[in-house]
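Enquirer: Dropping in start13.csv, which is CSV, C-alpha atoms:
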chain,number,residue,atom,x,y,z
A,7,MET,CA,0.0,0.0,0.0
A,8,THR,CA,1.2,3.5,-0.7
A,9,THR,CA,1.0,6.2,1.9
A,10,THR,CA,-1.8,7.8,-0.1
A,11,GLU,CA,-3.8,4.6,-0.1
A,12,ARG,CA,-3.2,4.1,3.6
A,13,THR,CA,-4.4,7.6,4.3
A,14,ALA,CA,-7.5,7.2,2.2
A,15,GLY,CA,-8.3,4.0,4.0
A,16,ASP,CA,-7.8,5.7,7.4
A,17,GLU,CA,-10.0,8.6,6.4
A,18,ALA,CA,-12.8,6.3,5.3
A,19,ALA,CA,-12.4,4.3,8.6
A,20,ILE,CA,-12.7,7.5,10.7
A,21,ARG,CA,-15.8,8.6,8.8
A,22,ARG,CA,-17.4,5.3,9.6
A,23,ARG,CA,-16.4,5.7,13.3
A,24,ILE,CA,-17.8,9.2,13.4
A,25,GLU,CA,-21.0,7.9,11.8
A,26,SER,CA,-21.4,5.0,14.3
A,27,TRP,CA,-20.6,7.3,17.2
A,28,SER,CA,-23.1,9.9,16.1
A,29,ALA,CA,-25.7,7.1,15.6
A,30,ALA,CA,-25.1,6.0,19.2
A,31,LEU,CA,-25.6,9.6,20.5
A,32,ARG,CA,-28.8,10.0,18.5
A,33,ALA,CA,-30.1,6.7,20.0
A,34,LYS,CA,-28.9,7.7,23.5
A,35,ASP,CA,-27.1,4.4,23.8
A,36,LEU,CA,-24.4,5.1,26.4
A,37,GLU,CA,-22.6,1.8,26.0
A,38,ALA,CA,-22.4,2.2,22.2
A,39,VAL,CA,-21.0,5.8,22.7
A,40,ARG,CA,-18.4,4.6,25.2
A,41,ALA,CA,-17.3,1.8,22.8
A,42,HIS,CA,-15.7,4.6,20.7
A,43,TRP,CA,-13.6,6.1,23.5
A,44,ALA,CA,-10.0,5.7,24.3
A,45,PRO,CA,-9.4,4.8,28.0
A,46,ASP,CA,-8.0,8.3,28.7
A,47,LEU,CA,-10.6,10.4,27.0
A,48,VAL,CA,-10.5,14.2,27.8
A,49,GLU,CA,-13.6,16.1,27.0
A,50,PHE,CA,-14.1,19.9,26.7
A,51,GLY,CA,-17.9,19.9,26.6
A,52,LEU,CA,-20.8,22.4,26.0
A,53,ALA,CA,-21.7,22.4,29.8
A,54,PRO,CA,-19.4,23.4,32.7
A,55,GLY,CA,-16.7,22.5,34.0
A,56,LEU,CA,-13.7,23.3,31.9
A,57,GLU,CA,-13.0,19.6,31.3
A,58,HIS,CA,-14.2,16.1,32.0
A,59,ARG,CA,-12.4,12.8,31.8
A,60,GLY,CA,-13.6,9.2,31.2
A,61,GLU,CA,-16.1,8.2,33.8
A,62,ALA,CA,-17.2,11.8,34.4
A,63,VAL,CA,-18.1,12.1,30.7
A,64,ALA,CA,-20.1,8.9,31.0
A,65,SER,CA,-22.1,10.0,34.0
A,66,GLY,CA,-22.7,13.4,32.4
A,67,LEU,CA,-24.3,11.6,29.4
A,68,ALA,CA,-26.2,9.2,31.7
A,69,SER,CA,-27.9,12.3,33.2
A,70,TRP,CA,-28.3,14.2,29.9
A,71,PHE,CA,-29.8,11.5,27.7
A,72,PRO,CA,-33.1,11.1,29.8
A,73,THR,CA,-33.7,14.9,29.4
A,74,TRP,CA,-34.7,14.2,25.7
A,75,SER,CA,-38.1,12.7,25.2
A,76,GLY,CA,-37.2,11.1,21.8
A,77,PRO,CA,-34.0,10.5,19.8
A,78,ILE,CA,-31.5,13.4,19.7
A,79,GLY,CA,-31.0,15.2,16.4
A,80,TYR,CA,-27.3,15.2,15.7
A,81,GLU,CA,-26.5,16.4,12.2
A,82,LEU,CA,-23.0,17.0,11.0
A,83,ARG,CA,-22.0,19.5,8.3
A,84,ASP,CA,-18.6,20.3,6.7
A,85,LEU,CA,-16.9,17.2,8.2
A,86,ALA,CA,-13.1,17.5,7.5
A,87,VAL,CA,-10.9,14.5,8.4
A,88,VAL,CA,-7.1,14.6,8.6
A,89,ALA,CA,-5.4,11.3,9.4
A,90,GLY,CA,-1.7,10.4,9.5
A,91,GLY,CA,-0.1,7.3,11.0
A,92,ASP,CA,-1.9,6.6,14.2
A,93,VAL,CA,-3.3,10.0,15.1
A,94,ALA,CA,-6.1,11.9,13.4
A,95,PHE,CA,-8.5,14.8,13.9
A,96,VAL,CA,-11.8,15.9,12.5
A,97,HIS,CA,-13.8,19.0,12.7
A,98,ALA,CA,-17.4,19.7,11.8
A,99,LEU,CA,-20.4,21.9,12.6
A,100,VAL,CA,-23.2,20.0,14.4
A,101,ARG,CA,-26.9,20.8,14.6
A,102,LEU,CA,-28.3,19.6,17.9
A,103,SER,CA,-32.1,19.4,18.0
A,104,GLY,CA,-35.0,17.4,19.3
A,105,GLU,CA,-37.6,17.5,22.0
A,106,LYS,CA,-36.8,17.7,25.7
A,107,THR,CA,-39.0,16.2,28.4
A,108,THR,CA,-39.9,19.8,29.3
A,109,GLY,CA,-41.5,20.3,25.9
A,110,GLU,CA,-38.7,22.6,24.8
A,111,ARG,CA,-37.3,22.1,21.3
A,112,PRO,CA,-33.7,23.3,21.2
A,113,ASP,CA,-32.1,23.8,17.8
A,114,VAL,CA,-28.5,24.8,18.2
A,115,TRP,CA,-25.4,24.7,15.9
A,116,PHE,CA,-22.1,24.1,17.7
A,117,ARG,CA,-18.5,23.4,16.7
A,118,SER,CA,-17.1,19.9,17.2
A,119,THR,CA,-13.4,18.8,17.1
A,120,VAL,CA,-12.8,15.1,17.7
A,121,CYS,CA,-9.2,13.7,18.0
A,122,PHE,CA,-8.4,10.1,17.6
A,123,ARG,CA,-5.6,7.6,18.4
A,124,LYS,CA,-5.3,4.3,16.6
A,125,ILE,CA,-5.2,1.6,19.3
A,126,ASP,CA,-4.9,-2.0,18.3
A,127,GLY,CA,-5.9,-1.1,14.7
A,128,GLU,CA,-9.1,0.8,15.8
A,129,TRP,CA,-9.6,4.5,15.7
A,130,MET,CA,-10.6,5.6,19.2
A,131,ILE,CA,-11.7,9.0,20.5
A,132,ALA,CA,-9.0,10.4,22.8
A,133,HIS,CA,-10.2,14.0,22.9
A,134,GLU,CA,-13.5,15.8,22.1
A,135,HIS,CA,-14.1,19.6,22.1
A,136,ALA,CA,-17.6,20.9,21.6
A,137,SER,CA,-18.6,24.6,21.9
A,138,VAL,CA,-20.4,27.7,20.8
A,139,PRO,CA,-18.6,31.1,20.9
A,140,PHE,CA,-19.9,33.9,23.0
A,141,TYR,CA,-20.8,37.5,22.3
A,142,MET,CA,-18.1,40.1,23.1
A,143,ASP,CA,-20.6,42.9,23.7
A,144,GLY,CA,-20.3,42.7,27.5
A,145,SER,CA,-23.3,40.4,27.8
A,146,TYR,CA,-21.2,37.2,27.8
A,147,ARG,CA,-24.2,35.4,26.2
A,148,ALA,CA,-23.4,32.1,24.6
A,149,ALA,CA,-24.0,32.4,20.8
A,150,VAL,CA,-26.5,29.6,20.5
A,151,ASP,CA,-28.4,31.4,17.7
A,152,LEU,CA,-25.7,31.1,15.0
A,153,ARG,CA,-26.4,29.3,11.7
A,154,PRO,CA,-23.7,28.1,9.3
B,7,MET,CA,15.3,5.8,14.7
B,8,THR,CA,12.6,3.7,16.4
B,9,THR,CA,9.0,4.8,16.4
B,10,THR,CA,9.3,5.7,20.1
B,11,GLU,CA,12.3,7.9,19.4
B,12,ARG,CA,10.5,9.6,16.4
B,13,THR,CA,7.4,10.2,18.5
B,14,ALA,CA,9.4,11.7,21.4
B,15,GLY,CA,11.2,14.0,18.9
B,16,ASP,CA,7.9,15.0,17.3
B,17,GLU,CA,6.3,15.8,20.7
B,18,ALA,CA,9.3,17.9,21.7
B,19,ALA,CA,9.1,19.8,18.3
B,20,ILE,CA,5.4,20.4,18.9
B,21,ARG,CA,5.9,21.7,22.4
B,22,ARG,CA,8.5,24.2,21.0
B,23,ARG,CA,6.0,25.2,18.3
B,24,ILE,CA,3.3,25.8,20.9
B,25,GLU,CA,5.8,27.9,23.0
B,26,SER,CA,6.8,30.1,20.0
B,27,TRP,CA,3.2,30.5,18.9
B,28,SER,CA,2.2,31.5,22.4
B,29,ALA,CA,5.1,33.9,22.6
B,30,ALA,CA,3.9,35.5,19.3
B,31,LEU,CA,0.4,35.9,20.7
B,32,ARG,CA,1.7,37.4,24.0
B,33,ALA,CA,3.8,39.9,21.9
B,34,LYS,CA,0.8,40.7,19.6
B,35,ASP,CA,3.1,39.9,16.7
B,36,LEU,CA,0.7,39.0,13.8
B,37,GLU,CA,3.3,37.9,11.3
B,38,ALA,CA,5.0,35.7,13.9
B,39,VAL,CA,1.6,34.1,14.8
B,40,ARG,CA,0.8,33.5,11.1
B,41,ALA,CA,4.1,31.8,10.5
B,42,HIS,CA,2.8,28.9,12.6
B,43,TRP,CA,-0.4,28.4,10.4
B,44,ALA,CA,-1.0,25.9,7.7
B,45,PRO,CA,-2.4,27.6,4.5
B,46,ASP,CA,-5.9,26.1,5.1
B,47,LEU,CA,-6.3,27.0,8.8
B,48,VAL,CA,-9.8,26.5,10.2
B,49,GLU,CA,-10.4,28.3,13.5
B,50,PHE,CA,-13.3,27.8,16.0
B,51,GLY,CA,-12.7,30.9,18.2
B,52,LEU,CA,-13.9,32.5,21.4
B,53,ALA,CA,-15.8,35.2,19.5
B,54,PRO,CA,-18.6,34.6,16.9
B,55,GLY,CA,-19.1,33.4,14.1
B,56,LEU,CA,-19.1,29.6,14.2
B,57,GLU,CA,-15.8,29.4,12.2
B,58,HIS,CA,-13.1,31.5,10.6
B,59,ARG,CA,-10.6,30.6,7.9
B,60,GLY,CA,-7.1,31.8,7.0
B,61,GLU,CA,-7.3,35.5,6.2
B,62,ALA,CA,-10.4,36.1,8.4
B,63,VAL,CA,-8.5,34.8,11.4
B,64,ALA,CA,-5.6,37.2,10.6
B,65,SER,CA,-7.9,40.2,10.3
B,66,GLY,CA,-9.7,39.2,13.5
B,67,LEU,CA,-6.3,39.2,15.4
B,68,ALA,CA,-5.3,42.5,13.7
B,69,SER,CA,-8.4,44.1,15.3
B,70,TRP,CA,-8.1,42.3,18.6
B,71,PHE,CA,-4.4,43.0,19.4
B,72,PRO,CA,-4.7,46.8,19.7
B,73,THR,CA,-7.5,46.4,22.3
B,74,TRP,CA,-4.8,45.3,24.8
B,75,SER,CA,-2.7,48.1,26.2
B,76,GLY,CA,0.3,45.9,27.0
B,77,PRO,CA,1.3,42.3,26.3
B,78,ILE,CA,-1.3,39.6,26.5
B,79,GLY,CA,-1.1,37.1,29.3
B,80,TYR,CA,-1.4,33.7,27.8
B,81,GLU,CA,-0.5,30.9,30.2
B,82,LEU,CA,-0.9,27.2,29.3
B,83,ARG,CA,-1.7,24.5,31.9
B,84,ASP,CA,-2.0,20.7,31.5
B,85,LEU,CA,-0.6,20.7,28.0
B,86,ALA,CA,-1.1,17.2,26.5
B,87,VAL,CA,0.6,16.4,23.1
B,88,VAL,CA,-0.3,13.4,20.9
B,89,ALA,CA,1.8,13.1,17.8
B,90,GLY,CA,1.8,10.3,15.2
B,91,GLY,CA,3.3,10.3,11.7
B,92,ASP,CA,2.5,13.7,10.2
B,93,VAL,CA,-0.6,14.6,12.3
B,94,ALA,CA,-0.8,15.7,15.9
B,95,PHE,CA,-3.1,17.3,18.4
B,96,VAL,CA,-2.6,19.1,21.7
B,97,HIS,CA,-5.1,20.3,24.3
B,98,ALA,CA,-4.6,22.6,27.3
B,99,LEU,CA,-6.3,25.0,29.6
B,100,VAL,CA,-5.3,28.6,28.9
B,101,ARG,CA,-5.4,31.6,31.2
B,102,LEU,CA,-6.0,34.8,29.3
B,103,SER,CA,-5.2,38.0,31.2
B,104,GLY,CA,-3.8,41.5,30.8
B,105,GLU,CA,-5.0,45.1,30.6
B,106,LYS,CA,-7.4,46.4,27.9
B,107,THR,CA,-7.2,49.9,26.6
B,108,THR,CA,-10.5,50.5,28.3
B,109,GLY,CA,-8.8,49.8,31.7
B,110,GLU,CA,-10.6,46.5,32.0
B,111,ARG,CA,-8.5,43.6,33.3
B,112,PRO,CA,-10.0,40.3,32.0
B,113,ASP,CA,-8.8,37.1,33.6
B,114,VAL,CA,-10.4,34.1,31.9
B,115,TRP,CA,-9.6,30.4,31.7
B,116,PHE,CA,-10.5,28.7,28.4
B,117,ARG,CA,-10.0,25.4,26.7
B,118,SER,CA,-7.7,25.2,23.7
B,119,THR,CA,-7.3,22.3,21.2
B,120,VAL,CA,-4.7,22.8,18.5
B,121,CYS,CA,-4.3,20.3,15.6
B,122,PHE,CA,-1.2,20.1,13.4
B,123,ARG,CA,-0.1,18.7,10.1
B,124,LYS,CA,3.6,18.2,9.3
B,125,ILE,CA,4.3,20.1,6.1
B,126,ASP,CA,7.8,20.0,4.6
B,127,GLY,CA,9.2,18.8,7.9
B,128,GLU,CA,7.5,21.6,10.0
B,129,TRP,CA,4.5,21.2,12.3
B,130,MET,CA,1.9,23.7,11.2
B,131,ILE,CA,-1.4,24.6,12.9
B,132,ALA,CA,-4.2,23.4,10.6
B,133,HIS,CA,-7.1,23.7,13.1
B,134,GLU,CA,-7.6,25.6,16.4
B,135,HIS,CA,-10.6,25.4,18.7
B,136,ALA,CA,-10.9,27.8,21.7
B,137,SER,CA,-13.9,28.0,24.0
B,138,VAL,CA,-15.5,28.3,27.4
B,139,PRO,CA,-18.6,26.2,28.2
B,140,PHE,CA,-21.9,27.8,29.0
B,141,TYR,CA,-24.4,27.5,31.9
B,142,MET,CA,-27.3,25.2,31.3
B,143,ASP,CA,-29.6,27.1,33.8
B,144,GLY,CA,-31.5,28.9,31.0
B,145,SER,CA,-29.3,32.0,31.2
B,146,TYR,CA,-27.0,30.9,28.3
B,147,ARG,CA,-24.2,32.8,30.1
B,148,ALA,CA,-20.7,31.9,28.9
B,149,ALA,CA,-18.8,30.3,31.8
B,150,VAL,CA,-15.9,32.8,31.9
B,151,ASP,CA,-15.6,32.5,35.7
B,152,LEU,CA,-14.3,28.9,35.8
B,153,ARG,CA,-10.9,28.0,37.3
B,154,PRO,CA,-9.0,24.8,36.9
Represent the structure from my file as structure tokens, please.

Expert:
Amino acid sequence: MTTTERTAGDEAAIRRRIESWSAALRAKDLEAVRAHWAPDLVEFGLAPGLEHRGEAVASGLASWFPTWSGPIGYELRDLAVVAGGDVAFVHALVRLSGEKTTGERPDVWFRSTVCFRKIDGEWMIAHEHASVPFYMDGSYRAAVDLRP
Amino acid sequence: MTTTERTAGDEAAIRRRIESWSAALRAKDLEAVRAHWAPDLVEFGLAPGLEHRGEAVASGLASWFPTWSGPIGYELRDLAVVAGGDVAFVHALVRLSGEKTTGERPDVWFRSTVCFRKIDGEWMIAHEHASVPFYMDGSYRAAVDLRP
């Protein structure tokens, strides 16, 4: 295999991993989500604190999933994949939507960066960073109303 | 060279790149900052919009630097570096501080993820993601008051 062929194969494998991971999030299937994580996952999430690691990410999801009455809308746009050797990163814009148990219907676009390490031949999520920017007008409001 | 030796060399090179890039930010030296960027840089920044690319990032910095009366405080904590082949990522918590021309003295911790591609033997910043989380209490306030 040439380097170009190997890279193309890695990029395709990572796109499949992102798709199966997103499907697990949509289905609120915690075990299926965790199956994509490296053991030392570090997450910079939408909600405080500054960072969460491993089990704290899992318990955050375990609390968050039941706040949705149906499946979670999780739609990726502009997915870019850069893979090399046994490290890769992807970035995308994500539309998060659906119905909460409160009846609210959030519809927010956020930025997602996901970084992978190849462990025993499988691309695993070692780091995830999800965010919206915030307004610099002194209000410190999170910019949850932006559209791509 | 073994793979372990190559990886250790890459990690050291990336730490030096992060240090020189941070020094350029502290000094508000736009050309020195840009010298660290890959041509196709995609930035998810603290300020709206959702994303900026290449020249838009440069013009954002060109407007932002003069809002500081002195050097910018830019202090990294918990820097983790993962390098493999010609792709790498790092994540850290960053303390941003200093004095604005308005007399304000911001002091904010944010999360930073920086992704690299090795181009012609040099580690270049291809993607940057900087953020704070936001409060999920209905206020949508950016969490600029968190401390690590």

Enquirer: Dump as JSON lines the rows for residues of chain B within 6 Å of chain A: closest atom pair and distance in Å with one decimal, all atoms listed in the file counted, ordered by chain and rising residue number.

Expert:
{"residue": "B:Leu52", "atom": "CA", "partner": "A:Pro139", "partner_atom": "CA", "distance": 4.9}
{"residue": "B:Ala53", "atom": "CA", "partner": "A:Pro139", "partner_atom": "CA", "distance": 5.2}
{"residue": "B:Pro54", "atom": "CA", "partner": "A:Pro139", "partner_atom": "CA", "distance": 5.3}
{"residue": "B:Gly90", "atom": "CA", "partner": "A:Val93", "partner_atom": "CA", "distance": 5.1}
{"residue": "B:Gly91", "atom": "CA", "partner": "A:Gly91", "partner_atom": "CA", "distance": 4.6}
{"residue": "B:Asp92", "atom": "CA", "partner": "A:Gly90", "partner_atom": "CA", "distance": 5.4}
{"residue": "B:Val93", "atom": "CA", "partner": "A:Gly90", "partner_atom": "CA", "distance": 5.2}
{"residue": "B:Pro139", "atom": "CA", "partner": "A:Leu52", "partner_atom": "CA", "distance": 4.9}
{"residue": "B:Phe140", "atom": "CA", "partner": "A:Ala53", "partner_atom": "CA", "distance": 5.5}
{"residue": "B:Tyr146", "atom": "CA", "partner": "A:Ala148", "partner_atom": "CA", "distance": 5.3}
{"residue": "B:Arg147", "atom": "CA", "partner": "A:Arg147", "partner_atom": "CA", "distance": 4.7}
{"residue": "B:Ala148", "atom": "CA", "partner": "A:Ala148", "partner_atom": "CA", "distance": 5.1}

Enquirer: Looking at only C-alpha atoms, which of A:Gly144, A:Gly15, A:Ile131, A:Gly104 is the one that sits closest to Arg59 of chain A?

Expert: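 Selected residue with least distance to Arg59 of chain A: A:Ile131.
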
Enquirer: Would you list the contacts of Ile24 of chain B as a PyMOL selection string, taking every protein, DNA or RNA residue within 10 Å and counting only C-alpha atoms, but skipping same-chain residues closer than 5 positions in sequence?

Expert: chain B and resi 18-19+29-30+42+82+85+96+120+129+131

Enquirer: Could you tell me which of B:Lys106, B:Ser28, B:Thr13, B:Trp43 comes closest to Ser75 of chain B if we count all atoms listed in the file?

Expert: B:Lys106

Enquirer: Can you tell me how far atom CA of Val87 of chain A sits from atom CA of Asp46 of chain B, in Å to one decimal?

Expert: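 Taking atom CA of Val87 of chain A and atom CA of Asp46 of chain B, their separation equals 13.1 Å.
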
Enquirer: In Å, with one decimal, what is the gap from atom CA of Glu61 of chain B to atom CA of Arg40 of chain B?

Expert: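 Rounded to one decimal, the two atoms are 9.7 Å apart.
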
Enquirer: List the spatial neighbours of Pro77 of chain B as a short mmCIF file (atom, residue, chain, number, x, y, z; two decimals) with C-alpha atoms, in the coordinates of the input - criterion: any atom at most 8 Å away, only C-alpha atoms, same-chain residues fewer than 5 positions off excluded.

Expert:
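For reference, part-v3.cif as written:
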data_model
loop_
_atom_site.label_atom_id
_atom_site.label_comp_id
_atom_site.auth_asym_id
_atom_site.auth_seq_id
_atom_site.Cartn_x
_atom_site.Cartn_y
_atom_site.Cartn_z
CA ARG B 32 1.70 37.40 24.00
CA ALA B 33 3.80 39.90 21.90
CA LYS B 34 0.80 40.70 19.60
CA GLY B 104 -3.80 41.50 30.80
#

Enquirer: Calculate how many Å separate atom CA of Gly60 of chain B from atom CA of Pro72 of chain B, rounding to one decimal.

Expert: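 It comes out at 19.8 Å.
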
Enquirer: Can you pull segment 112-146 of chain A out of that block with N, CA and C atoms and hand it back as a CSV table (one decimal), in the first residue's frame?

Expert:
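Final output, result29.csv:
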chain,number,residue,atom,x,y,z
A,112,PRO,N,-34.9,22.6,21.6
A,112,PRO,CA,-33.7,23.3,21.2
A,112,PRO,C,-33.3,23.0,19.8
A,113,ASP,N,-32.6,23.9,19.2
A,113,ASP,CA,-32.1,23.8,17.8
A,113,ASP,C,-30.9,24.7,17.7
A,114,VAL,N,-29.7,24.1,18.0
A,114,VAL,CA,-28.5,24.8,18.2
A,114,VAL,C,-27.4,24.2,17.3
A,115,TRP,N,-26.6,25.1,16.7
A,115,TRP,CA,-25.4,24.7,15.9
A,115,TRP,C,-24.2,24.9,16.8
A,116,PHE,N,-23.4,23.9,16.9
A,116,PHE,CA,-22.1,24.1,17.7
A,116,PHE,C,-20.9,23.5,16.9
A,117,ARG,N,-19.7,23.8,17.3
A,117,ARG,CA,-18.5,23.4,16.7
A,117,ARG,C,-18.0,22.1,17.4
A,118,SER,N,-17.6,21.1,16.6
A,118,SER,CA,-17.1,19.9,17.2
A,118,SER,C,-15.7,19.6,16.6
A,119,THR,N,-14.8,19.3,17.5
A,119,THR,CA,-13.4,18.8,17.1
A,119,THR,C,-13.3,17.5,17.8
A,120,VAL,N,-12.9,16.4,17.1
A,120,VAL,CA,-12.8,15.1,17.7
A,120,VAL,C,-11.4,14.6,17.3
A,121,CYS,N,-10.6,14.2,18.2
A,121,CYS,CA,-9.2,13.7,18.0
A,121,CYS,C,-9.1,12.2,18.3
A,122,PHE,N,-8.4,11.5,17.5
A,122,PHE,CA,-8.4,10.1,17.6
A,122,PHE,C,-6.9,9.6,17.7
A,123,ARG,N,-6.8,8.4,18.4
A,123,ARG,CA,-5.6,7.6,18.4
A,123,ARG,C,-6.0,6.3,17.9
A,124,LYS,N,-5.1,5.7,17.1
A,124,LYS,CA,-5.3,4.3,16.6
A,124,LYS,C,-4.8,3.3,17.6
A,125,ILE,N,-5.6,2.6,18.2
A,125,ILE,CA,-5.2,1.6,19.3
A,125,ILE,C,-5.6,0.2,18.8
A,126,ASP,N,-4.6,-0.7,18.7
A,126,ASP,CA,-4.9,-2.0,18.3
A,126,ASP,C,-5.7,-2.0,17.0
A,127,GLY,N,-5.3,-1.1,16.1
A,127,GLY,CA,-5.9,-1.1,14.7
A,127,GLY,C,-7.3,-0.4,14.6
A,128,GLU,N,-7.8,0.1,15.8
A,128,GLU,CA,-9.1,0.8,15.8
A,128,GLU,C,-8.9,2.2,16.1
A,129,TRP,N,-9.6,3.1,15.4
A,129,TRP,CA,-9.6,4.5,15.7
A,129,TRP,C,-10.5,4.9,16.9
A,130,MET,N,-9.9,5.3,18.0
A,130,MET,CA,-10.6,5.6,19.2
A,130,MET,C,-10.6,7.1,19.6
A,131,ILE,N,-11.6,7.6,20.1
A,131,ILE,CA,-11.7,9.0,20.5
A,131,ILE,C,-10.9,9.3,21.7
A,132,ALA,N,-9.9,10.1,21.6
A,132,ALA,CA,-9.0,10.4,22.8
A,132,ALA,C,-9.3,11.8,23.3
A,133,HIS,N,-10.0,12.6,22.5
A,133,HIS,CA,-10.2,14.0,22.9
A,133,HIS,C,-11.4,14.5,22.1
A,134,GLU,N,-12.3,15.2,22.8
A,134,GLU,CA,-13.5,15.8,22.1
A,134,GLU,C,-13.6,17.3,22.6
A,135,HIS,N,-13.9,18.2,21.7
A,135,HIS,CA,-14.1,19.6,22.1
A,135,HIS,C,-15.3,20.1,21.4
A,136,ALA,N,-16.4,20.5,22.2
A,136,ALA,CA,-17.6,20.9,21.6
A,136,ALA,C,-17.9,22.3,22.2
A,137,SER,N,-18.3,23.3,21.4
A,137,SER,CA,-18.6,24.6,21.9
A,137,SER,C,-19.4,25.5,21.0
A,138,VAL,N,-19.9,26.5,21.6
A,138,VAL,CA,-20.4,27.7,20.8
A,138,VAL,C,-19.5,28.9,21.3
A,139,PRO,N,-19.3,29.9,20.4
A,139,PRO,CA,-18.6,31.1,20.9
A,139,PRO,C,-19.5,31.9,21.8
A,140,PHE,N,-19.0,33.1,22.2
A,140,PHE,CA,-19.9,33.9,23.0
A,140,PHE,C,-19.7,35.4,22.6
A,141,TYR,N,-20.8,36.2,22.8
A,141,TYR,CA,-20.8,37.5,22.3
A,141,TYR,C,-19.9,38.4,23.1
A,142,MET,N,-19.1,39.2,22.4
A,142,MET,CA,-18.1,40.1,23.1
A,142,MET,C,-18.7,41.5,23.3
A,143,ASP,N,-20.0,41.6,23.5
A,143,ASP,CA,-20.6,42.9,23.7
A,143,ASP,C,-20.8,43.2,25.2
A,144,GLY,N,-20.1,42.5,26.0
A,144,GLY,CA,-20.3,42.7,27.5
A,144,GLY,C,-21.4,41.8,28.1
A,145,SER,N,-22.2,41.2,27.3
A,145,SER,CA,-23.3,40.4,27.8
A,145,SER,C,-22.8,39.0,28.2
A,146,TYR,N,-21.7,38.5,27.6
A,146,TYR,CA,-21.2,37.2,27.8
A,146,TYR,C,-22.2,36.1,27.5
